[in-house]
Amino acid sequence: MRLSPRTLLISATAVALAGIAAPAQAADSPKERRVQVVMVNFSDSTFPDPAATKSLLQKSYFGESKSLTSYYNEVTRGATTFEAAGGGILDPIELPMSAAGCDSSKISDLTYQALEKKGITEEDYEHVSIVFPNQKTDCDYLALGSVGGGTTWMPIDGAEISMTALVHEFGHNFGYSHQLRERCTSADLASCKPSEDTSHKTPMGGGGWAAGLTAPELIHSKWLSGDEAVKVAKSGTYTVRSLYGSGAGVRALDIPLGEDRLVVEVRGASGTVDGRISGVHAYRAPKGDYAEAALVDTTDADHWSDKGAADADALAEGTTLTDAGEQVSVKVLASGEGKATVAVSLDGVPAPAEAPAEKPAQDTTSGDSAQKPAEKPASGAGTLTGTERPAAPASDDEELAETGAESDTAVPVAAGGALLLALGAVFAARGRRRAATARSGRHSR
């Protein structure tokens, strides 16, 4: 029998306190992941219009467009999606605690206890998302999620919910960390230096929910097939197609780099994602941990305020990444029109000059070409990672660009369309996980 998310949160936190990382548990994942959305009230703070909030949550989590489920259905090409758990979206549960202090551990403990009293157990869901009014909590995060676990905390300010925060926190449930970038201005992979700048190539790296997931994240969740994410074992030249583009073929190269892996992808606008991301990008996965991969950035641009082209930090034609010690080199021979030609040299053996002829493009929307399902995250985890609250919202797109913020659609309860939120300060700490002491142990946000 599976342990409940609440139990795993407590036990995994104890492991983390002992200085040992708590790994997520692996299991086969259902295509449709059941989400138990729980509205909770505090003794001194309640939802003013529960029915309207319930309607908002139904649309935000499970709507056909601009929702949590539509986003993951698109970026996984149907390999996973979300559905409401059997309990549906519950009417507000009254928690016997005040809102002040935003005690996430106490909130989750009391919520899981209340669910058990209603007969809703860990067998009834893969995720529990706790939604609560934020007027008096003074939370210092926009939202919170357990990494590799099944719990998310979603404070609501007024009559909207941040879609970027929602997609981001469920990404933490799948095991993804905040994605940073490492500076490699000489294109020498051995001299790269860690950076606190986020990648802006994924919702996990400040890209907002208009960005798709990166190839390392898709590989981590097994949402790319073996034919799409090629593990390079010898020198070769490859044609790599856009990660979310049409047609069949190679979507990513997974290259050995000593103890690490180097993942190369091509990005470009497709469907509702990647409108501001294009070109060839590479990521280093430390010791093969794809969920912790960092963008390899050969520029020295400040991408928090960069107003340049979508491919300003992409690897241009002719760029060669090298690691002499590991005898690895990766050269971009050509890039454009939704694909790139990339030469990989391993063990000092030169790559062939040309890529082999491509197979005819196939329709990737059929059931036969669906991606493999992901490993199921554990229901709880020892690390909580969240989205920092914006310091101040921007008033228009120009100010968003100036502050490096990303546009985020917040679905309103009342009519009036989408509300743009400034989320540049969402990663104000630039990906740093700020430690905070909570009732059940030390948490990272």
# chains A, B, ... in the order shown; residues from 1 in each chain; ligands from 1
>>> closest_atom_pairs(of="region 131-187 of chain A", to="region 287-295 of chain A", cutoff="7 Å", atoms="only C-alpha atoms", output="tab-separated table")
residue	atom	partner	partner_atom	distance
A:Gly175	CA	A:Ala291	CA	6.4
A:Tyr176	CA	A:Ala291	CA	4.7
A:Ser177	CA	A:Glu292	CA	5.8
A:Gln179	CA	A:Ala294	CA	5.7
A:Leu180	CA	A:Ala294	CA	5.0
A:Arg181	CA	A:Leu295	CA	4.3
A:Glu182	CA	A:Leu295	CA	6.0
>>> select_by_dssp(residues="region 189-247 of chain A", states="alpha helix (DSSP H)", output="ChimeraX atom specification")
/A:215-220
>>> closest_residue(among="A:Cys102, A:Leu142, A:Leu333, A:Ile255", to="Asp157 (chain A)", atoms="only C-alpha atoms")
A:Leu142
>>> select_by_dssp(residues="region 223-261 of chain A", states="strand (DSSP E or B)", output="list in words")
Ala229, Val230, Lys231, Gly236, Thr237, Tyr238, Thr239, Val240, Arg241, Ser242, Ala252, Leu253, Asp254, Ile255, Pro256, Leu257, Asp260 and Arg261 of chain A
>>> atom_distance(atom1="CA of Ala190 (chain A)", atom2="CA of Ala324 (chain A)")
7.8 Å
